[in-house]
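*Asks:* Have a look at this one before I ask anything.
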Amino acid sequence: MSTSYIPLTPQPAGGTGNVNNQQNNANPNGGSTVNPPPPPQAQPTPKPPTQPPVNPQPQTQPGTQQQPSSPFNFNGEFKFTEESTHRLKTKPRPIGNRKFVKVKPDVDVKALCNWMSTEWNMTLPPGLVLSVTGGAWDFPRNAVVKEVFRKGLVDAAVKNGDLTMIITGGTHKGVMKYTARGLSEYEWAHKPTVSDDIVDLIILGVTTWGSLQQELRDKLEEAVTNHQVTELEVQALVNTTNNSTKKVLEPNHSHFIFVDDTTGQRTAANELRVKLERELRTFGETQYLTCDDKVNRCEQISCSSSSHRTCQHTQIGLDDSEAWIADVADGNQWISIDLTYPRRVTGLVMKGNPQADMWVTKFKVLYSDDKEDWKVVDNREFDGTSDRDTTVATSRFSSTVRARFFKIQPTEWHGDRPSMRFDLLVCKDVAVVCVLVEGGMYSIRQACSSVEAGTPLVVVADSGRGANVLAHAFKEDQDENIIKAELNEIIRRDEDVDSTLELIKEAAKKPNLLNIYDGSCEGGIQASILEALQRDDEKSMDVDIKLAFQWGYHEVLKEQMFASSFTYNWKMYNVDELVLEDLLRETILKNQVEFVKLLIDNDVVNLDKCITWSMIKQLYSKATYDVKPLPGHMSRIKASQEESVLDIVQEVMQDLAFDKFSYYQKDNRGHDNDPVEDPYRHLFIFALLCGYDEMALYFWEEDTEPIASALAASIMYKNQSSNISSRYKEQQEHLKEMEEKFAELAYESLNACEATSKTADAFNMVLRNVPSWGDTTCLKLAELSHNLTFIGHAGIQTLVEEIWQHGLHKPGPDASLYIKAKDLVQSPRVAFYHYLMFYLSFLALLSYMMLSDQLANRWPQGVECVLMFWVATFIVEEIREVIAHSPKRYIRVPWNWIDIFNLTLFTVGMILRLTAYSRNEARVILAFSLFGFYFRLLHELTPFKFTGPKVLMVGQMILDVLVILTIMIILLLAYGMSTTAILYPHTSDPVSLVTSIIYRPYFQIYGELALDSIDVTADDGGCTTNETAIQLDGAVRCPEHVGWGVFCLALWMILSNALLLNLLIAMFSNTYERVNEKNELFWRFMRYSITKEYYKKPSLAPPFIIIVHFWRLGCFMFRNIWTWNSPTLKLGFNEDEQRHIKALEKQVVYDYIMKKSQSSQWHAQRKEQMPDRLDMLESQLKLFKTHVDERFDKVPVRVTP
């Protein structure tokens, strides 16, 4: 194979291997290094482990002479003037001065990378390297090529999530211009929203020095000579057409490397680009034990023998105070390290024992992926160190070795036994891809050389010339003559055609590194780049997974990386679990539901292990909330610190109707590194609070208590909706939609449980205690969310009926008469009628007191004393309910407000009754309390089917009346004020004013027009205009401007009777229809509520309820037993029974979800097949019509005479 145009010589000193994967010339004696070091000026400044990794420099060999000057002395900065950018017709990226350096063609690429990292402050290696090559001159671009430059490469670069480096030819023509211009347009379009993405972007131009215009070279040389590089301004240059052999620099590039080749050909620059691509794949060595703080030495390091406990605490790092000492002095001793997954290792560094004159002088390095099949690195021995502490032996492998397990086996040593400290030099996996668009001979050669060096290649088919040739050549069963004929159209000389064809044939031998993009791929060129990276076996799989996540291509992962062959054997790839755990956290934070499904459903991450309390804290601290505007509780979480965020979440969950929620209390939390007990539940709560709706639905499907969790989610969405201002209508509607969605899921899950399992099991599911949601039950959660459909479920109503009749525990047929009688007495039905009977007795006594002369006595008599005691027991019971249910829940019940109103009025009335001068006022107040107590009797009608919904309608209509009343008061004041000012302008009497403004207009609504007081004059009698008579005798004042007064009255009657009255009727009708539409559901919900209420009430009604209160008080005082809390509709189960119920519920709901998913897929397939079926039916109808027409034509026509 000819290499006259792109000579692929071995990499110079310090490299990790040439681009053909050939071994470097090794030292025959092993040696601590296989290459001479770079010049001193190229040495990078040492950095701490937290800084970007820097390659350790090899030891200086004896006799090596230091170079007097650095090969990178010709460097500096420049900037483009506005005139130059105007002539170049582009607005460059605002990146400040551009940096450049001129190097020799045979420059040490490793030293060059070290120099760029140190002098340019460039973080190397980057996360992604895109080497774009192709046409060096402007060329026609079709739709596919435009999409590549304007969107594909831009999205790949800015959405990487890490530092991205783009390498081009650097001049203002062809693919270099199109690539940089697309990135510049993206930056200006999104500035400043994506400023972080743009900062993490390097566009590096690599071109030959001789290809630049002479004026440009002169200015750069002059500036470097005069040390005025930072002030250099490159003037706009001419001759920028395709006919010019000299070029100008592309202004959107941030860095330039000029290869000092005066020929101006692209050969030297292309060769350097290939070397640079290869070097970046392995650049950035770090000491594994020193720099990786996640290393578990006790588990990852093992040895053949040890003279002391070193193998237990494994203090073998270069900076440790101890060393490994073999217990046996023979050549079979070893120490190994597990890297947890295959990593790139370029060598190792070694020291002796700091506490004794013991060190290893020669050793072998073995590697393996399974700890069984071991291979020797380079099939030779390496030289060790020469003293105990001062000498650091750096031994580099001839080529990078990828493996998980490494073993160091000493063969020669100083001292009685082998002893050493060591560390492996590992390098980061970097995604490097070469992209070819159009191009000629040099582009084809560079692309093929990149493939030979191990770099994946993406060819944009149909982009023209060289790209089309390679797209055809890399397809199977292509005729060599056809490819050669296509090359002849591009290349002039026959020898160049032959050598290029040989390069193409060699590259075609690596089909795993070749990928053709023709524009038909759904994911664009990013999907092709990702597919090319997946075929690269020299890097770990987690790099591909991370890129796919950042780019949003979960379908690529699903179809290729998580195919059946990969799913069952993914661990054989040994992807770094720590990297995948970080990736899981990022996917959750960015609400990437499909990626989360892939990682969890394919067992890529162990959720029970990786979801720790520390990760939960990080999720809440770094979350971006999708609910906007943020409700108050979400703002509190967002503003909290990571250490206290769970305390805020605990408070927020309690505010969202879960008073006893204790998931995040300090006593229930473990250490930061401890895994949580129920990871799906924690992630479900996180998704709900952040507004990640689809994520919440996914985690709900995996929840162990799906019914309770769905009801809890409905409550949370309901409260979030109520906390948002009505101005944000769309957000409110979305939250209500999600509330209804989870309410429907809860209902359907219950329906599936009842249909699949026994009725008793379904009852147990809704009545068992659910500690995770605040020691409640599914029934209680449904009540809090006001879920009418769930409470109205036939199974729930069957359960409610049994509880209404017999209580929670129905006695069996063999129960004794005493047990049955006790059950009957304690049932809610008997309690209801028991309380109702005593309440009617109370109303009778209160009515007797108000209608008789009882209040005329100076002091209360028998009936009054009984009623006062009775009301006192009412008050004690209300206090008990407040304590038992918490004030927040107590005030949510409207009937409790009526109780407070009635008891307060009665108490105030009786206090006034005890005074001698306020008995009339007391009677009035007590009369209002009597009205309230009678109104409270409506509550006792709710258990009955025909009256319960009507009571609800009354309550809703009262709210409608309040709305109308507000409007009416405004209009009434407007009418009353205006008519009084017209008719009685001189009135100063307050009583007359109130009568004219409020009293008379209000009763005019009901037909009391009082025209005799409006349309009257002094001649008619009954009124006067004499002010003296009015002031002294109280005569009635005659109205003025009677005509205007009558006009205002007519207008008021139209507003009040025609408008307000009909509006009230319409509102009543709407309320009636709304309630009547769900009449059955409303009644069932009220029936459940009344059943629960009387189940919780004490067995004795007021006033005898005081006996129960004294009994509970005695239990608390003498036995320290708190019994003031009401009994709850809750069943207790042991641990095994709880586990059985949860497993049954989970299995039934899972089967329901699977059936629903299959049904949806079936309907989707039917919908897709419908057009084909219609076409087939249409064709059959046409055939039938043709057949009928043919038969009809054959029928003879008879003509009757």
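How things are named: the first chain in the structure tokens is A, the next is B, and so on; residues count from 1 in each chain; ligands count from 1 in the order shown.
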Can you pull out the residues contacting Ser929 of chain A? Cut-off 6 Å, using only C-alpha atoms, and skip same-chain residues under 3 positions away; I want them as a compact mmCIF listing (two decimals) with N, CA, C and O atoms, in the first residue's frame.
*Replies:*
```txt
# COMPACT_ATOMS: atom_id res chain seq x y z
N ASN A 902 -73.78 27.66 66.22
CA ASN A 902 -74.89 27.39 67.12
C ASN A 902 -74.44 27.41 68.58
O ASN A 902 -75.11 28.02 69.45
N LEU A 905 -73.61 31.01 69.75
CA LEU A 905 -74.80 31.83 70.00
C LEU A 905 -75.51 31.39 71.27
O LEU A 905 -75.97 32.24 72.07
N PHE A 906 -75.65 30.08 71.47
CA PHE A 906 -76.32 29.61 72.67
C PHE A 906 -75.56 30.03 73.92
O PHE A 906 -76.17 30.48 74.92
N LEU A 926 -80.77 33.63 71.39
CA LEU A 926 -81.14 32.23 71.54
C LEU A 926 -82.09 31.79 70.43
O LEU A 926 -82.07 30.63 70.00
N GLY A 932 -80.36 27.85 64.00
CA GLY A 932 -79.18 27.11 63.59
C GLY A 932 -79.26 25.64 63.95
O GLY A 932 -78.86 24.77 63.16
```
*Asks:* Applying 10 Å and only C-alpha atoms, which residues near Ala712 of chain A remain after dropping the ones on its own chain fewer than 3 positions away? List them as a short mmCIF file (atom, residue, chain, number, x, y, z; two decimals) with N, CA, C and O atoms, in the first residue's frame.
*Replies:*
```
data_model
loop_
_atom_site.label_atom_id
_atom_site.label_comp_id
_atom_site.auth_asym_id
_atom_site.auth_seq_id
_atom_site.Cartn_x
_atom_site.Cartn_y
_atom_site.Cartn_z
N LEU A 656 -49.61 19.22 52.21
CA LEU A 656 -50.46 18.73 51.11
C LEU A 656 -51.41 17.64 51.61
O LEU A 656 -51.56 16.60 50.98
N ALA A 657 -52.02 17.90 52.77
CA ALA A 657 -53.10 17.05 53.32
C ALA A 657 -52.62 15.77 53.97
O ALA A 657 -53.43 14.97 54.41
N PHE A 658 -51.31 15.55 54.05
CA PHE A 658 -50.80 14.35 54.70
C PHE A 658 -50.23 14.73 56.07
O PHE A 658 -49.02 14.89 56.24
N ILE A 685 -42.69 10.36 44.52
CA ILE A 685 -42.97 11.61 45.24
C ILE A 685 -42.17 12.75 44.62
O ILE A 685 -42.68 13.87 44.43
N LEU A 688 -43.80 13.86 41.41
CA LEU A 688 -45.04 14.60 41.65
C LEU A 688 -44.75 16.04 42.06
O LEU A 688 -45.39 16.98 41.57
N PRO A 706 -49.93 0.58 44.46
CA PRO A 706 -50.38 1.47 43.38
C PRO A 706 -51.69 2.18 43.69
O PRO A 706 -51.87 3.33 43.28
N ILE A 707 -52.64 1.53 44.37
CA ILE A 707 -53.93 2.17 44.61
C ILE A 707 -53.75 3.37 45.54
O ILE A 707 -54.23 4.48 45.26
N ALA A 708 -53.07 3.16 46.65
CA ALA A 708 -52.84 4.25 47.60
C ALA A 708 -52.01 5.37 46.96
O ALA A 708 -52.28 6.56 47.17
N SER A 709 -51.02 5.00 46.18
CA SER A 709 -50.17 6.02 45.56
C SER A 709 -50.94 6.83 44.52
O SER A 709 -50.73 8.04 44.40
N ILE A 715 -54.54 13.70 45.31
CA ILE A 715 -54.62 14.74 46.35
C ILE A 715 -53.57 15.82 46.10
O ILE A 715 -53.86 17.02 46.19
N MET A 716 -52.35 15.41 45.78
CA MET A 716 -51.28 16.38 45.58
C MET A 716 -51.56 17.29 44.38
O MET A 716 -51.34 18.50 44.44
N TYR A 717 -52.03 16.72 43.29
CA TYR A 717 -52.37 17.54 42.13
C TYR A 717 -53.54 18.47 42.44
O TYR A 717 -53.57 19.62 41.98
N LYS A 718 -54.48 17.99 43.23
CA LYS A 718 -55.64 18.82 43.59
C LYS A 718 -55.18 20.03 44.39
O LYS A 718 -55.62 21.17 44.14
N GLU A 739 -54.99 15.25 38.01
CA GLU A 739 -55.75 14.78 39.18
C GLU A 739 -56.77 13.74 38.76
O GLU A 739 -56.90 12.67 39.39
N PHE A 742 -55.04 10.30 37.70
CA PHE A 742 -54.67 9.39 38.78
C PHE A 742 -55.90 8.87 39.52
O PHE A 742 -55.89 7.74 40.02
N ALA A 743 -56.95 9.70 39.62
CA ALA A 743 -58.19 9.21 40.22
C ALA A 743 -58.78 8.06 39.40
O ALA A 743 -59.26 7.06 39.95
N ALA A 746 -56.70 4.93 40.01
CA ALA A 746 -57.05 4.30 41.28
C ALA A 746 -58.34 3.50 41.15
O ALA A 746 -58.44 2.36 41.64
N TRP A 773 -47.97 6.70 53.49
CA TRP A 773 -48.75 7.92 53.20
C TRP A 773 -49.39 8.49 54.45
O TRP A 773 -50.45 9.11 54.37
N CYS A 778 -56.67 3.53 52.01
CA CYS A 778 -57.08 3.97 50.68
C CYS A 778 -58.42 4.69 50.73
O CYS A 778 -58.65 5.66 49.99
N LEU A 781 -57.75 8.23 51.87
CA LEU A 781 -57.14 9.00 50.80
C LEU A 781 -58.17 9.39 49.74
O LEU A 781 -58.16 10.50 49.22
N ALA A 782 -59.08 8.45 49.44
CA ALA A 782 -60.14 8.76 48.47
C ALA A 782 -61.05 9.86 48.99
O ALA A 782 -61.52 10.71 48.24
N LEU A 784 -60.13 12.26 51.13
CA LEU A 784 -59.39 13.52 51.10
C LEU A 784 -59.35 14.11 49.69
O LEU A 784 -59.38 15.33 49.51
N SER A 785 -59.26 13.26 48.69
CA SER A 785 -59.24 13.74 47.30
C SER A 785 -60.63 13.96 46.73
O SER A 785 -60.77 14.37 45.59
#
```
*Asks:* With DSSP run on the backbone, what are the helix (DSSP H, G or I) residues within segment 662-847 of chain A? I'd like them as JSON, numbers by chain.
*Replies:* {"A": [666, 667, 668, 679, 680, 681, 682, 683, 684, 685, 686, 687, 688, 689, 690, 693, 694, 695, 696, 697, 698, 699, 700, 701, 706, 707, 708, 709, 710, 711, 712, 713, 714, 715, 716, 717, 718, 719, 720, 721, 722, 729, 730, 731, 732, 733, 734, 735, 736, 737, 738, 739, 740, 741, 742, 743, 744, 745, 746, 747, 748, 749, 750, 751, 752, 753, 754, 755, 756, 759, 760, 761, 762, 763, 764, 765, 766, 767, 771, 772, 773, 778, 779, 780, 781, 782, 783, 784, 788, 789, 790, 791, 794, 795, 796, 797, 798, 799, 800, 801, 802, 803, 804, 805, 806, 817, 818, 819, 820, 821, 822, 823, 824, 825, 826, 828, 829, 830, 831, 832, 833, 834, 835, 836, 837, 838, 839, 840, 841, 842, 843, 844, 845, 846, 847]}
*Asks:* Mind dumping the selected residues with C-alpha atoms as a compact mmCIF listing (two decimals), in the first residue's frame?
*Replies:*
```
# COMPACT_ATOMS: atom_id res chain seq x y z
CA LYS A 666 -34.90 12.58 60.59
CA ASP A 667 -35.64 9.50 62.69
CA ASN A 668 -36.70 7.57 59.58
CA PRO A 679 -36.84 3.70 45.82
CA TYR A 680 -39.84 3.78 43.48
CA ARG A 681 -41.95 5.52 46.12
CA HIS A 682 -39.29 8.17 46.72
CA LEU A 683 -38.87 8.81 43.01
CA PHE A 684 -42.64 8.89 42.59
CA ILE A 685 -42.97 11.61 45.24
CA PHE A 686 -40.08 13.52 43.66
CA ALA A 687 -41.72 13.41 40.22
CA LEU A 688 -45.04 14.60 41.65
CA LEU A 689 -43.50 17.57 43.44
CA CYS A 690 -41.44 18.57 40.39
CA ASP A 693 -46.04 13.92 34.99
CA GLU A 694 -44.91 11.14 32.65
CA MET A 695 -42.12 10.23 35.06
CA ALA A 696 -44.65 10.04 37.89
CA LEU A 697 -46.85 7.71 35.84
CA TYR A 698 -43.90 5.40 35.16
CA PHE A 699 -42.81 5.21 38.79
CA TRP A 700 -46.44 4.67 39.80
CA GLU A 701 -46.55 1.57 37.61
CA PRO A 706 -50.38 1.47 43.38
CA ILE A 707 -53.93 2.17 44.61
CA ALA A 708 -52.84 4.25 47.60
CA SER A 709 -50.17 6.02 45.56
CA ALA A 710 -52.63 6.93 42.80
CA LEU A 711 -55.03 8.41 45.34
CA ALA A 712 -52.19 10.31 47.04
CA ALA A 713 -51.09 11.71 43.68
CA SER A 714 -54.66 12.86 43.03
CA ILE A 715 -54.62 14.74 46.35
CA MET A 716 -51.28 16.38 45.58
CA TYR A 717 -52.37 17.54 42.13
CA LYS A 718 -55.64 18.82 43.59
CA ASN A 719 -53.83 20.92 46.19
CA GLN A 720 -51.26 22.18 43.69
CA SER A 721 -54.10 23.32 41.45
CA SER A 722 -55.78 25.16 44.31
CA LYS A 729 -55.83 28.90 33.63
CA GLU A 730 -53.92 26.48 31.41
CA GLN A 731 -51.71 25.31 34.26
CA GLN A 732 -54.73 24.81 36.49
CA GLU A 733 -56.51 22.79 33.82
CA HIS A 734 -53.42 20.63 33.33
CA LEU A 735 -53.16 19.90 37.05
CA LYS A 736 -56.87 19.07 37.20
CA GLU A 737 -56.41 16.76 34.23
CA MET A 738 -53.60 14.93 36.04
CA GLU A 739 -55.75 14.78 39.18
CA GLU A 740 -58.51 13.09 37.21
CA LYS A 741 -55.97 10.83 35.51
CA PHE A 742 -54.67 9.39 38.78
CA ALA A 743 -58.19 9.21 40.22
CA GLU A 744 -59.18 7.12 37.20
CA LEU A 745 -56.12 4.89 37.65
CA ALA A 746 -57.05 4.30 41.28
CA TYR A 747 -60.61 3.36 40.30
CA GLU A 748 -59.55 1.05 37.47
CA SER A 749 -56.91 -0.58 39.70
CA LEU A 750 -59.54 -1.26 42.36
CA ASN A 751 -61.88 -2.60 39.71
CA ALA A 752 -59.15 -4.95 38.47
CA CYS A 753 -58.42 -6.12 42.00
CA GLU A 754 -62.07 -6.88 42.69
CA ALA A 755 -62.53 -8.67 39.38
CA THR A 756 -59.39 -10.79 39.77
CA THR A 759 -63.89 -9.78 47.56
CA ALA A 760 -62.29 -10.07 51.00
CA ASP A 761 -58.85 -9.37 49.49
CA ALA A 762 -60.18 -6.27 47.76
CA PHE A 763 -61.66 -5.07 51.05
CA ASN A 764 -58.36 -5.68 52.80
CA MET A 765 -56.56 -3.59 50.18
CA VAL A 766 -58.67 -0.52 50.85
CA LEU A 767 -58.88 -0.93 54.64
CA PRO A 771 -47.74 3.81 56.70
CA SER A 772 -45.92 5.43 53.78
CA TRP A 773 -48.75 7.92 53.20
CA CYS A 778 -57.08 3.97 50.68
CA LEU A 779 -60.61 4.90 51.74
CA LYS A 780 -59.32 7.87 53.71
CA LEU A 781 -57.14 9.00 50.80
CA ALA A 782 -60.14 8.76 48.47
CA GLU A 783 -62.14 10.88 50.90
CA LEU A 784 -59.39 13.52 51.10
CA LEU A 788 -66.57 10.25 43.97
CA THR A 789 -65.96 7.43 41.49
CA PHE A 790 -63.68 5.51 43.85
CA ILE A 791 -66.01 5.84 46.85
CA ALA A 794 -69.87 -1.06 43.81
CA GLY A 795 -67.38 -2.98 45.88
CA ILE A 796 -66.74 -0.02 48.17
CA GLN A 797 -70.47 0.50 48.61
CA THR A 798 -70.90 -3.15 49.53
CA LEU A 799 -68.23 -2.66 52.16
CA VAL A 800 -69.90 0.56 53.38
CA GLU A 801 -73.23 -1.25 53.67
CA GLU A 802 -71.68 -3.98 55.81
CA ILE A 803 -70.00 -1.42 58.04
CA TRP A 804 -73.29 0.54 58.30
CA GLN A 805 -75.15 -2.56 59.38
CA HIS A 806 -72.59 -4.40 61.51
CA LEU A 817 -76.05 -13.69 71.42
CA TYR A 818 -74.04 -11.23 73.48
CA ILE A 819 -71.54 -10.66 70.65
CA LYS A 820 -74.35 -10.15 68.15
CA ALA A 821 -76.15 -7.73 70.46
CA LYS A 822 -72.92 -5.82 71.10
CA ASP A 823 -72.27 -5.63 67.38
CA LEU A 824 -75.77 -4.36 66.75
CA VAL A 825 -75.51 -1.66 69.41
CA GLN A 826 -72.11 -0.44 68.15
CA PRO A 828 -73.16 2.99 62.75
CA ARG A 829 -76.82 2.47 61.83
CA VAL A 830 -77.92 2.09 65.47
CA ALA A 831 -75.62 4.94 66.51
CA PHE A 832 -77.21 7.18 63.88
CA TYR A 833 -80.77 6.61 65.07
CA HIS A 834 -79.61 6.77 68.68
CA TYR A 835 -78.02 10.20 68.16
CA LEU A 836 -80.97 11.37 66.06
CA MET A 837 -83.46 10.49 68.80
CA PHE A 838 -81.52 12.41 71.44
CA TYR A 839 -80.99 15.38 69.11
CA LEU A 840 -84.72 15.62 68.43
CA SER A 841 -85.27 15.54 72.18
CA PHE A 842 -82.82 18.40 72.55
CA LEU A 843 -84.64 20.45 69.89
CA ALA A 844 -87.96 19.79 71.60
CA LEU A 845 -86.66 21.07 74.96
CA LEU A 846 -85.00 24.08 73.35
CA SER A 847 -88.20 24.94 71.47
```
*Asks:* Find the distance between atom CA of Ser321 of chain A and atom CA of Met358 of chain A and write it in Å to one decimal.
*Replies:*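 Atom-to-atom, atom CA of Ser321 of chain A and atom CA of Met358 of chain A are spaced 13.8 Å apart.
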